[in-house]
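Report on the structure given below.
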Amino acid sequence: MHRFKFVLYRPIQLLPVLIGVSIVTFILVQLIPGDPARILLGAKATPEAIAEVREKFGLDQPLVLQYVHFMKNLLQGELGRSIIYRAPVLSVVEQRVAPTLFLLIYGVVLSVLLAVPLALAAAWRAGSSVDQAVRVFSTAGIGLPAFWLGIMLMLLFSIELRLFPVSGYGEGALSHLHHLFLPALTISIALAPVLVRNLRATLLAQLESDYVSAERAKGLPERAIYLGHVFRNSLIPTVNLLGVNVSWLIGGTVVIESVYSVPGLGQLMVSSIFGRDYLVVQAVTLMFAIGVILVNFFVDIVTVALDPRVEM
Amino acid sequence: MTLLDVAGLRTEFATPTRAVAAVDGLSFQLRPGEILGLVGESGSGKTVACRSLLRLLPSRRARIAAGTVMFENRDLMRLSEAEMRVVRGRDIAMIFQNPASHLDPVFTVGDLIAEPLIWHFGESRRAARKRAVELLRQVGIPDPAGQIERYPHQFSGGMKQRVMIAAALACEPKILLADEPTTALDVTVQAQILRLLLDLRDRTGLAIVLVTHDIGVVAETCDSVVVLYSGRVMECGGTQDVLTRPRHPYTRGLLDSLPTTAARGAELPSISGYPPPLDRLPQGCRFHPRCRFAIDRCRREPIELETVDDGHASACVRWREVMEVGP
Ligand SMILES: Nc1ncnc2c1ncn2[C@@H]1O[C@H](COP(=O)(O)OP(=O)(O)O)[C@@H](O)[C@H]1O
Ligand SMILES: [Mg+2]
């Protein structure tokens, strides 16, 4: 299993990336015009509080030292206090991770469950009526804006049919599944078409490969060649495309969580920006960046598992 | 006794305007343990012919338009797809020119070899993999038990071809169609693979259709030979007869281009020009534009095969003169 050794040393390789991410999020707050201490504390802060923050974040020191200070605090999990929630930023952000994670995984699983059978059915007989129908679905899905679709689904399923709650997250896994169904469906209606198109095209290209002729010459049934060989080979590029899209989707939660009032990081991001709660914005940005890095790491692991030729 | 009897096989490709024949009127017989060479320049229809025998055509635009392929009292061209699938890999197996692209890269060689045993004989994966080790040993792969979990890309070209041969032989087929099995390999490895095929024939009585563009390979390995040009049989017969007494200018051209008979270092006096593309086949004998024996009749009408000797046929009207005229 030496091919998976990279799982151990990749985190070390990622160190420079993480440092880069921390610098960017640090600069983010610096770019806001005005007195940093006042920005961090809000307009109604007392002079004592401002002095305390200056001291704590070293705001009167040169930028480089401020960054060192910032990193030191960061490593201790000390991200400052939220001016809206009047609580440590870490605890505010912490509570929001689970709904976002749940929503993302839910949405991705739903997308894959939708996309894989559709792509398999479409590429099995290219040009057939099934293929045409799948093409209509995927073209339509790619064209629809997610926020509009979200509102439409909500109007139909929640307000007209009263099948799903309009908003929220619920208590317990089953309730989460129920509450987050519409937002997850919104994700998958946006994501599945992309996956279907890519997987269908890859399947068709793989069907032309030489190894398919060789398998046919062995006398294997076409179905076994399709599912056992062609599909397995086609998964490799599609998993990578999925990784790219999930990275993009992490940012997309900002829209979807706002539309469906999901108490996750995306919604927190929006409310913190409007409330000028910059330390929270900073922390959520950091979380999103780490999320993207983790997704890519995970995609690499899956790629190595799927493709014996790949060495990381 | 005839194992495989091919008669009048014709495979066409549909073009926007009409159907063109990539193989036209191919006939030959194969006996158990016989190695038959199918020889011709690139594009002469050797691959299409082989694939037609298994009804594995390279494109949807291709179709078998005529001919019979008798195997064990059945015409393979008339079998249902399900019946044909049982023949593939089990009675007649095929190996390909480029082993690197013909082995599924995400399967271990053990699974690639075990697969036909599982599908054709319903063997368990365990039993099939045990047999795979045995097959790897048979095709001369060292430390077979240690190789079974490895993937195709971890093998050299020659070893990949051995893996493909092992997978083809898993169900102990009676016939092996070998489409240029050595063309993609180094010269020294080529000889080893040919040696292996000869060994397998000697040990198991396997009959082989050996496709090659190298008439030197035919001379070394084949019992009989079919010379193909633009999908038509130019000459066929026993290797000895055809190669020592060629009765067709095309066969002669192929022989003259062999480095062993030509002066070393000199420009090889091979046939000038190129085979015509399928959609621009000439009238009459397809070889006539490149033939120095061509006469009016060759340009006018197609030339049929004619028996020139016992078991030796040529599709040349001037076959009597081909031998007498010097190069
Ligand atoms: N998939 C295909 N579509 C159209 N024409 C093809 C296809 N495959 C082969 N042909 C044509 O059939 C002829 C014979 O090809 P092939 O059997 O591959 O030749 P060989 O194996 O002797 O080099 C060639 O003229 C080639 O252009
Ligand atoms: Mg060929």
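Identifiers in the structure tokens: chain A, B, ... in order shown; residue index from 1 per chain; ligand index from 1 in order shown.
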
| request: Give the residue list for ligand 1 at 10 Å, counting only C-alpha atoms and all ligand atoms, as a ChimeraX atom specification, sorted by chain and then by residue number. | output: /B:11-15,20-23,38-52,57-62,97,179-180,211-213,228-231,275-279,281

| request: Select all residues from chain B having any atom no more than 7 Å from an atom of chain A (counting only C-alpha atoms, ignoring ligands), output as an MDAnalysis selection string. | output: chainID B and resid 85:86 88:89 93:94 101:104 106 116 119 153 168

| query | Taking into account only C-alpha atoms and all ligand atoms, which residue in the set B:Gln154, B:Ser80, B:Thr182, B:Thr108 is nearest to ligand 2? | reply |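 Checking each candidate against ligand 2, we get B:Thr182 as the closest.
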
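If you count only C-alpha atoms and ignore residues fewer than 2 places along the chain from Thr221 in chain B, what sits within 10 Å of it is Ile35, Leu36, Gly37, Leu194, Arg195, Leu197, Leu198, Leu210, Gly216, Val217, Val218, Ala219, Asp223, Ser224 and Thr239 of chain B.
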
| message | For the structure I just gave you, how does DSSP split range 20-89 of chain B - specifically, which residues are alpha helix (DSSP H)? Reply as an NGL selection string. | response | :B and (46-53 or 81-87)

Please save N, CA, C and O atoms of the selected residues as an mmCIF file, in the first residue's frame.
```cif
data_model
loop_
_atom_site.group_PDB
_atom_site.id
_atom_site.type_symbol
_atom_site.label_atom_id
_atom_site.label_comp_id
_atom_site.auth_asym_id
_atom_site.auth_seq_id
_atom_site.Cartn_x
_atom_site.Cartn_y
_atom_site.Cartn_z
ATOM 1 N N LYS B 46 -6.407 -7.067 -42.843
ATOM 2 C CA LYS B 46 -6.108 -8.216 -41.979
ATOM 3 C C LYS B 46 -6.867 -8.131 -40.657
ATOM 4 O O LYS B 46 -7.480 -9.107 -40.216
ATOM 5 N N THR B 47 -6.833 -6.954 -40.050
ATOM 6 C CA THR B 47 -7.516 -6.799 -38.766
ATOM 7 C C THR B 47 -9.026 -6.932 -38.930
ATOM 8 O O THR B 47 -9.685 -7.644 -38.168
ATOM 9 N N VAL B 48 -9.555 -6.276 -39.959
ATOM 10 C CA VAL B 48 -10.997 -6.371 -40.203
ATOM 11 C C VAL B 48 -11.385 -7.827 -40.431
ATOM 12 O O VAL B 48 -12.405 -8.298 -39.912
ATOM 13 N N ALA B 49 -10.558 -8.574 -41.155
ATOM 14 C CA ALA B 49 -10.854 -9.983 -41.420
ATOM 15 C C ALA B 49 -10.913 -10.769 -40.112
ATOM 16 O O ALA B 49 -11.865 -11.511 -39.858
ATOM 17 N N CYS B 50 -9.904 -10.603 -39.257
ATOM 18 C CA CYS B 50 -9.864 -11.323 -37.981
ATOM 19 C C CYS B 50 -11.074 -11.003 -37.130
ATOM 20 O O CYS B 50 -11.711 -11.882 -36.557
ATOM 21 N N ARG B 51 -11.358 -9.716 -37.047
ATOM 22 C CA ARG B 51 -12.465 -9.309 -36.189
ATOM 23 C C ARG B 51 -13.790 -9.796 -36.759
ATOM 24 O O ARG B 51 -14.707 -10.099 -36.008
ATOM 25 N N SER B 52 -13.876 -9.885 -38.089
ATOM 26 C CA SER B 52 -15.103 -10.388 -38.696
ATOM 27 C C SER B 52 -15.358 -11.837 -38.289
ATOM 28 O O SER B 52 -16.497 -12.240 -38.082
ATOM 29 N N LEU B 53 -14.277 -12.613 -38.164
ATOM 30 C CA LEU B 53 -14.444 -14.020 -37.800
ATOM 31 C C LEU B 53 -15.138 -14.140 -36.446
ATOM 32 O O LEU B 53 -15.919 -15.052 -36.211
ATOM 33 N N GLU B 81 -26.305 -13.413 -31.152
ATOM 34 C CA GLU B 81 -25.249 -12.726 -30.421
ATOM 35 C C GLU B 81 -24.893 -13.501 -29.140
ATOM 36 O O GLU B 81 -23.724 -13.617 -28.781
ATOM 37 N N ALA B 82 -25.909 -14.053 -28.481
ATOM 38 C CA ALA B 82 -25.651 -14.806 -27.240
ATOM 39 C C ALA B 82 -24.832 -16.069 -27.526
ATOM 40 O O ALA B 82 -23.904 -16.402 -26.789
ATOM 41 N N GLU B 83 -25.165 -16.759 -28.632
ATOM 42 C CA GLU B 83 -24.407 -17.961 -28.994
ATOM 43 C C GLU B 83 -22.976 -17.602 -29.380
ATOM 44 O O GLU B 83 -22.023 -18.308 -29.053
ATOM 45 N N MET B 84 -22.847 -16.476 -30.070
ATOM 46 C CA MET B 84 -21.526 -16.034 -30.520
ATOM 47 C C MET B 84 -20.633 -15.714 -29.327
ATOM 48 O O MET B 84 -19.433 -15.969 -29.339
ATOM 49 N N ARG B 85 -21.249 -15.166 -28.288
ATOM 50 C CA ARG B 85 -20.474 -14.795 -27.107
ATOM 51 C C ARG B 85 -19.843 -16.027 -26.454
ATOM 52 O O ARG B 85 -18.771 -15.946 -25.873
ATOM 53 N N VAL B 86 -20.533 -17.139 -26.547
ATOM 54 C CA VAL B 86 -19.990 -18.370 -25.976
ATOM 55 C C VAL B 86 -18.783 -18.844 -26.793
ATOM 56 O O VAL B 86 -17.838 -19.422 -26.255
ATOM 57 N N VAL B 87 -18.815 -18.576 -28.091
ATOM 58 C CA VAL B 87 -17.692 -18.974 -28.947
ATOM 59 C C VAL B 87 -16.458 -18.116 -28.638
ATOM 60 O O VAL B 87 -15.336 -18.621 -28.555
#
```

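Closest approach to ligand 2 from the set B:Leu54, B:Ala128, B:Val6, B:Ala178 is made by B:Ala178, with distances taken over only C-alpha atoms and all ligand atoms.
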
| message | I need the residue nearest Leu9 in chain B from this list: B:Glu72, B:Thr204, B:Val233, B:Leu112. Use only C-alpha atoms for the distance. | response | B:Val233

| said: So that I can check the surroundings of His2 in chain A, please list as a ChimeraX atom specification every protein, DNA and RNA residue that reaches within 12 Å of it, counting only C-alpha atoms and ignoring chain neighbours fewer than 4 positions away. | reply: /A:6-8,304-305,308,310-312

| task | Name all residues at most 9 Å from Ala313 in chain B (count only C-alpha atoms; drop same-chain ones fewer than 3 positions away) and give them as a list in words. | result |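 Within the cut-off, the hits are Met234, Glu235, Cys236, Gly237, Val242, Arg247, Leu305, Glu306, Thr307, Val308, Asp309 and Asp310 of chain B.
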
Using only all heavy atoms, please write the residues we just selected to a file, as a compact mmCIF listing (two decimals), in the first residue's frame.
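Printed below is out_15.txt as written:
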```txt
# COMPACT_ATOMS: atom_id res chain seq x y z
N MET B 234 -4.74 -12.39 -52.78
CA MET B 234 -3.92 -12.38 -54.00
C MET B 234 -3.37 -13.78 -54.27
O MET B 234 -3.29 -14.22 -55.40
CB MET B 234 -2.75 -11.41 -53.83
CG MET B 234 -3.15 -9.96 -53.63
SD MET B 234 -3.77 -9.20 -55.15
CE MET B 234 -5.49 -9.02 -54.78
N GLU B 235 -2.98 -14.43 -53.18
CA GLU B 235 -2.38 -15.75 -53.36
C GLU B 235 -2.53 -16.50 -52.05
O GLU B 235 -2.51 -15.90 -50.96
CB GLU B 235 -0.90 -15.60 -53.71
CG GLU B 235 -0.21 -16.93 -54.02
CD GLU B 235 1.19 -16.74 -54.63
OE1 GLU B 235 1.67 -15.60 -54.66
OE2 GLU B 235 1.76 -17.76 -55.06
N CYS B 236 -2.68 -17.81 -52.12
CA CYS B 236 -2.71 -18.60 -50.89
C CYS B 236 -2.21 -20.00 -51.17
O CYS B 236 -2.24 -20.48 -52.30
CB CYS B 236 -4.11 -18.62 -50.29
SG CYS B 236 -5.34 -19.35 -51.36
N GLY B 237 -1.73 -20.66 -50.12
CA GLY B 237 -1.22 -22.02 -50.27
C GLY B 237 -0.29 -22.35 -49.13
O GLY B 237 -0.18 -21.60 -48.15
N VAL B 242 4.25 -21.10 -51.55
CA VAL B 242 4.00 -19.69 -51.85
C VAL B 242 5.30 -18.88 -51.75
O VAL B 242 5.57 -18.01 -52.58
CB VAL B 242 2.92 -19.11 -50.90
CG1 VAL B 242 2.79 -17.61 -51.08
CG2 VAL B 242 1.59 -19.81 -51.15
N ARG B 247 3.37 -17.08 -57.06
CA ARG B 247 2.67 -17.01 -58.35
C ARG B 247 1.87 -15.73 -58.48
O ARG B 247 0.92 -15.67 -59.25
CB ARG B 247 1.71 -18.22 -58.49
CG ARG B 247 2.40 -19.55 -58.46
CD ARG B 247 3.34 -19.71 -59.61
NE ARG B 247 3.81 -21.08 -59.75
CZ ARG B 247 4.79 -21.45 -60.56
NH1 ARG B 247 5.42 -20.53 -61.29
NH2 ARG B 247 5.14 -22.69 -60.65
N LEU B 305 -9.38 -16.05 -58.07
CA LEU B 305 -8.32 -17.00 -57.68
C LEU B 305 -8.36 -18.20 -58.62
O LEU B 305 -9.43 -18.68 -59.00
CB LEU B 305 -8.57 -17.50 -56.25
CG LEU B 305 -7.96 -16.70 -55.10
CD1 LEU B 305 -8.38 -17.31 -53.78
CD2 LEU B 305 -6.44 -16.64 -55.20
N GLU B 306 -7.18 -18.70 -58.96
CA GLU B 306 -7.08 -19.82 -59.89
C GLU B 306 -6.08 -20.80 -59.29
O GLU B 306 -5.03 -20.38 -58.79
CB GLU B 306 -6.57 -19.27 -61.22
CG GLU B 306 -6.40 -20.28 -62.30
CD GLU B 306 -5.81 -19.61 -63.56
OE1 GLU B 306 -5.85 -18.35 -63.66
OE2 GLU B 306 -5.32 -20.34 -64.42
N THR B 307 -6.41 -22.07 -59.30
CA THR B 307 -5.49 -23.05 -58.74
C THR B 307 -4.28 -23.18 -59.66
O THR B 307 -4.43 -23.39 -60.86
CB THR B 307 -6.17 -24.42 -58.60
OG1 THR B 307 -7.33 -24.25 -57.78
CG2 THR B 307 -5.24 -25.43 -57.95
N VAL B 308 -3.10 -23.00 -59.09
CA VAL B 308 -1.89 -23.07 -59.91
C VAL B 308 -1.13 -24.35 -59.64
O VAL B 308 -0.28 -24.76 -60.42
CB VAL B 308 -0.98 -21.86 -59.65
CG1 VAL B 308 -1.69 -20.57 -60.02
CG2 VAL B 308 -0.50 -21.82 -58.21
N ASP B 309 -1.46 -24.95 -58.50
CA ASP B 309 -0.75 -26.16 -58.11
C ASP B 309 -1.62 -26.80 -57.04
O ASP B 309 -2.60 -26.21 -56.59
CB ASP B 309 0.62 -25.78 -57.52
CG ASP B 309 1.61 -26.94 -57.62
OD1 ASP B 309 1.15 -28.07 -57.87
OD2 ASP B 309 2.81 -26.69 -57.44
N ASP B 310 -1.26 -27.96 -56.56
CA ASP B 310 -2.04 -28.61 -55.52
C ASP B 310 -2.07 -27.72 -54.26
O ASP B 310 -1.03 -27.45 -53.67
CB ASP B 310 -1.41 -29.97 -55.19
CG ASP B 310 -2.42 -30.87 -54.51
OD1 ASP B 310 -3.63 -30.58 -54.63
OD2 ASP B 310 -1.99 -31.82 -53.85
```

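Shortest separation to Thr183 in chain B among B:Ser272, B:Gln283, B:Asn98, B:Gln29 occurs at residue B:Asn98, atoms counted being only C-alpha atoms.
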
| field | Counting only C-alpha atoms, the option among A:Val196, A:Leu177, A:Thr100, A:Phe26 closest to Ala133 in chain A | value |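 Distance minimum relative to Ala133 in chain A lands on A:Val196.
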
| Between B:Gly67, B:Gly25, B:Pro152, B:Pro181, which one has atoms that come closest to ligand 2, using only C-alpha atoms and all ligand atoms? | B:Pro181

| Near Phe137 in chain A, within 10 Å and counting only C-alpha atoms, which residues show up once chain neighbours fewer than 3 positions away are dropped, as an MDAnalysis selection string? | chainID A and resid 118 131:134 140:142 189 192:193 196

| message | When you look at range 297-302 of chain A with a cut-off of 7 Å (counting only C-alpha atoms), what residues show up, excluding the ones that are within fewer than 3 positions of it in the same chain? I need them as JSON, numbers by chain. | response | {"A": [239, 240, 243, 293, 294, 305, 306]}

| message | Between CA of Asp241 in chain B and CA of Ile95 in chain B, what distance in Å does the model show, to one decimal? | response | 27.8 Å

| query | Looking only at the backbone, which of the residues in range 29-188 of chain A does DSSP tag as strand (DSSP E or B), as an NGL selection string? | reply | :A and (81-82 or 87-88)

Atoms to include: all heavy atoms. Write the selected residues as a PDB file, in the first residue's frame.
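Done, and the output landed in result.pdb:
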```pdb
ATOM      1  N   ARG A  81     -13.483  37.913  19.440  1.00  0.00           N
ATOM      2  CA  ARG A  81     -14.888  37.817  19.826  1.00  0.00           C
ATOM      3  C   ARG A  81     -15.775  38.361  18.723  1.00  0.00           C
ATOM      4  O   ARG A  81     -15.423  39.316  18.033  1.00  0.00           O
ATOM      5  CB  ARG A  81     -15.140  38.607  21.110  1.00  0.00           C
ATOM      6  CG  ARG A  81     -14.652  37.908  22.362  1.00  0.00           C
ATOM      7  CD  ARG A  81     -14.974  38.719  23.597  1.00  0.00           C
ATOM      8  NE  ARG A  81     -16.402  38.685  23.947  1.00  0.00           N
ATOM      9  CZ  ARG A  81     -16.968  37.668  24.624  1.00  0.00           C
ATOM     10  NH1 ARG A  81     -16.226  36.638  24.984  1.00  0.00           N
ATOM     11  NH2 ARG A  81     -18.243  37.705  24.932  1.00  0.00           N
ATOM     12  N   SER A  82     -16.932  37.746  18.573  1.00  0.00           N
ATOM     13  CA  SER A  82     -17.901  38.241  17.599  1.00  0.00           C
ATOM     14  C   SER A  82     -18.649  39.412  18.193  1.00  0.00           C
ATOM     15  O   SER A  82     -19.125  39.328  19.333  1.00  0.00           O
ATOM     16  CB  SER A  82     -18.877  37.117  17.238  1.00  0.00           C
ATOM     17  OG  SER A  82     -20.088  37.668  16.784  1.00  0.00           O
ATOM     18  N   ALA A  87     -19.738  36.524  21.628  1.00  0.00           N
ATOM     19  CA  ALA A  87     -19.180  35.235  22.065  1.00  0.00           C
ATOM     20  C   ALA A  87     -17.886  35.011  21.301  1.00  0.00           C
ATOM     21  O   ALA A  87     -17.652  35.678  20.282  1.00  0.00           O
ATOM     22  CB  ALA A  87     -20.174  34.114  21.764  1.00  0.00           C
ATOM     23  N   PRO A  88     -17.038  34.118  21.793  1.00  0.00           N
ATOM     24  CA  PRO A  88     -15.810  33.835  21.049  1.00  0.00           C
ATOM     25  C   PRO A  88     -16.141  33.381  19.625  1.00  0.00           C
ATOM     26  O   PRO A  88     -17.077  32.597  19.428  1.00  0.00           O
ATOM     27  CB  PRO A  88     -15.157  32.701  21.832  1.00  0.00           C
ATOM     28  CG  PRO A  88     -15.738  32.780  23.194  1.00  0.00           C
ATOM     29  CD  PRO A  88     -17.119  33.341  23.041  1.00  0.00           C
TER      30      PRO A  88
END
```
